[in-house]
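Peer 1: One structure follows; several queries about it will come next.
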Amino acid sequence: MPKIKKLLVANRGEIALRIMRSAREMGIKTVAVYSEADRLSPHVKYADEAVCLGPPPSNQSYLLGEKIIQTCKDLAVDAIHPGYGFLSENADFARKVSDAGIIFVGPSPESIEVMGSKLAAKQAVSKYDIPMVPGMEKAITDIAFAKEKAAEIGYPILIKASAGGGGKGMRIVESEVDFEEQMQRAVSEAESAFGDGAVFIEKFITSPRHIEIQILGDQQGNTVYLFERECSIQRRHQKVIEEAPSAVVTPELREAMGNAAVGVAKACNYYGAGTVEFIVDEKLNFYFLEMNTRLQVEHPVTEMITGKDLVKEQIRVAEGQSLDFKQEDLKIQGHSVEVRVYAEDPRNNFLPDIGKLSTYVRPQGPGIRVDDGFEEGMDIPIYYDPMISKLITYAETRQEAIDRMIRAIDEYKITGIQTTLGFCKFALGHEAFKSGQFDTKFVERYFKPELLDDGLSEEEEQLMVALAVEFFQKDTAVSVKENIQPEITTKGNWRSRLK
Ligand code: ADP
């Protein structure tokens, strides 16, 4: 059985660092690759060796598969871990890596290929009795035929691009009168985004929750599930807060979803770590959405509640070892919450807010894990995903994990750029989140930028308080002023007066 001695991590930032940490614990040497924008990054300093791939844009650096494979040959690297994003779900790259005699830490190219197409994935799992959203199995471009099918399925329906991803080419149609126009738009959007206008139709699940199952399989055919992650708090179809376990999943539902996820994995002869995504409706019916054939951003919450290091498991499976535990050995212990700290401005539609991390002080203390790839004084580059870090808490109960997260957010000091921390604090304190009764529409339903109380810097805050004091001193009777002044010095209160 091949033993991995030197691992190249074909990624950057927090995930590169996180993978290298597990490799180091296993006695494996690490090689970092980096672009010119990441020369001073922690992942570069942490690795035993580091190689510059080229200029900052991904297509001139992190996506250069051939150059990465050549680097492995030059440095006698025996395995590549692709992390998430970049080359992680590129079947062609995985194949070239194996052809070069290097171990790809991930599934086979065939599994990646099948699960990379939404329709091929549906077809592959159809033999395994997995619940699927009512809809079509084939892609179409014929509008009249599509309209007929939509009526059969029943409105509201969702038009999806067959080659889709990242929410592109997706259109909700509420009633038949809008169908033609929306279908034309979906086809042209899919054509321009993916060079393939084929679309299919699904029933639109109202009030959907996004709940996914982590699976692990070995090359000997053993597959287990490591329970669920609740990922319904999203903005722009992208996750911001995740937790495990989900507040609404019962032991019976967990077992049913877990078995379905194992079925999906078996349908494509999957090995390694993978995630099967489901959409869950109000009545807790679940439907297969897609499978991600890689390590997921939010994998730490699963690690916290199962005690398993998913990266180490991936490496062992890639070496050809069989899993050394069975389904019945896995138990959920405690509760874990993750918030994604993005360099984005929640007051401005969550648009990226790129700049320098002038202050960067991490929270500490019991039950806190920070996975990041930046240091104070560094710039967040514009070329890549604007995630600064993932903040994860762990505690015995859900409430304690949430309280701990709110405490950690308060301790996390970031200045120089806007972040999603304030939004996350708002969401965690919201009744809907606390009660567990929320869906993917949480942001649209409950969030307004005015609800944030930490959008201003200390100086701005002091200035506003001073202005307010002056205003009340000028225009208000003394008796009233005395009542108001103490109140307006506390953060947030004065703002409600300005509305
Ligand atoms: P993509 O690959 O573009 O991310 P997905 O199929 O994973 O597309 O869907 C992205 C998100 O869209 C899901 O997380 C879910 O919130 C929503 N979605 C997808 N399919 C449906 C559906 N049939 N009904 C309601 N919402 C859906």
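Naming scheme: A, B, ... for chains in displayed order of the structure tokens; residues 1 onward per chain; ligands 1 onward as shown.
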If you count only C-alpha atoms and all ligand atoms, which residues end up within 10 Å of ligand 1, as a ChimeraX atom specification?
Peer 2: /A:116-118,132-135,156-172,201-212,231-239,277-281,287-292,439-441
Peer 1: Residues within 8 Å of stretch 398-404 of chain A, please, as a PyMOL selection string. Count only C-alpha atoms; anything in the same chain fewer than 6 positions from it doesn't count.
Peer 2: chain A and resi 334-337+367+428+434
Peer 1: Expressed in Å to a single decimal, how great is the separation between atom CA of A:Gly429 and atom CA of A:Glu282?
Peer 2: 22.4 Å
Peer 1: Please identify all polymer residues within 10 Å of stretch 268-276 of chain A, counting only C-alpha atoms, omitting same-chain residues fewer than 2 positions from it, and present them as a ChimeraX atom specification.
Peer 2: /A:105-108,110-115,121,124-125,211-226,228-229,257-258,260-266,278,288-296,299,310-311,313-318,323
Peer 1: Can you list, as a ChimeraX atom specification, every residue of stretch 61-241 of chain A that DSSP puts in helix (DSSP H, G or I)?
Peer 2: /A:65-74,91-99,109-116,118-128,143-153,176-194
Peer 1: Please return as a PyMOL selection string: the residues of stretch 166-411 of chain A that backbone DSSP assigns to strand (DSSP E).
Peer 2: chain A and resi 171-173+199-203+209-217+223-235+238-244+272-280+286-292+335-342+344-345+351-352+359-361+368-372+387-395
Peer 1: Choose the residue, out of A:Glu396, A:Tyr155, A:Gln123, A:Ala343, that has the smallest atom-to-atom separation from A:Ala267; count only C-alpha atoms.
Peer 2: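 Closest to A:Ala267, using only C-alpha atoms: A:Gln123.
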Peer 1: Between atom CA of A:Pro386 and atom CA of A:Thr71, what distance in Å does the model show, to one decimal?
Peer 2: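 If I compute the distance from atom CA of A:Pro386 to atom CA of A:Thr71, I get 27.1 Å.
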Peer 1: For atom CA of A:Ile388 and atom CA of A:Ile241, quote the distance in Å rounded to one decimal.
Peer 2: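 Computing it gives 14.2 Å between the two atoms.
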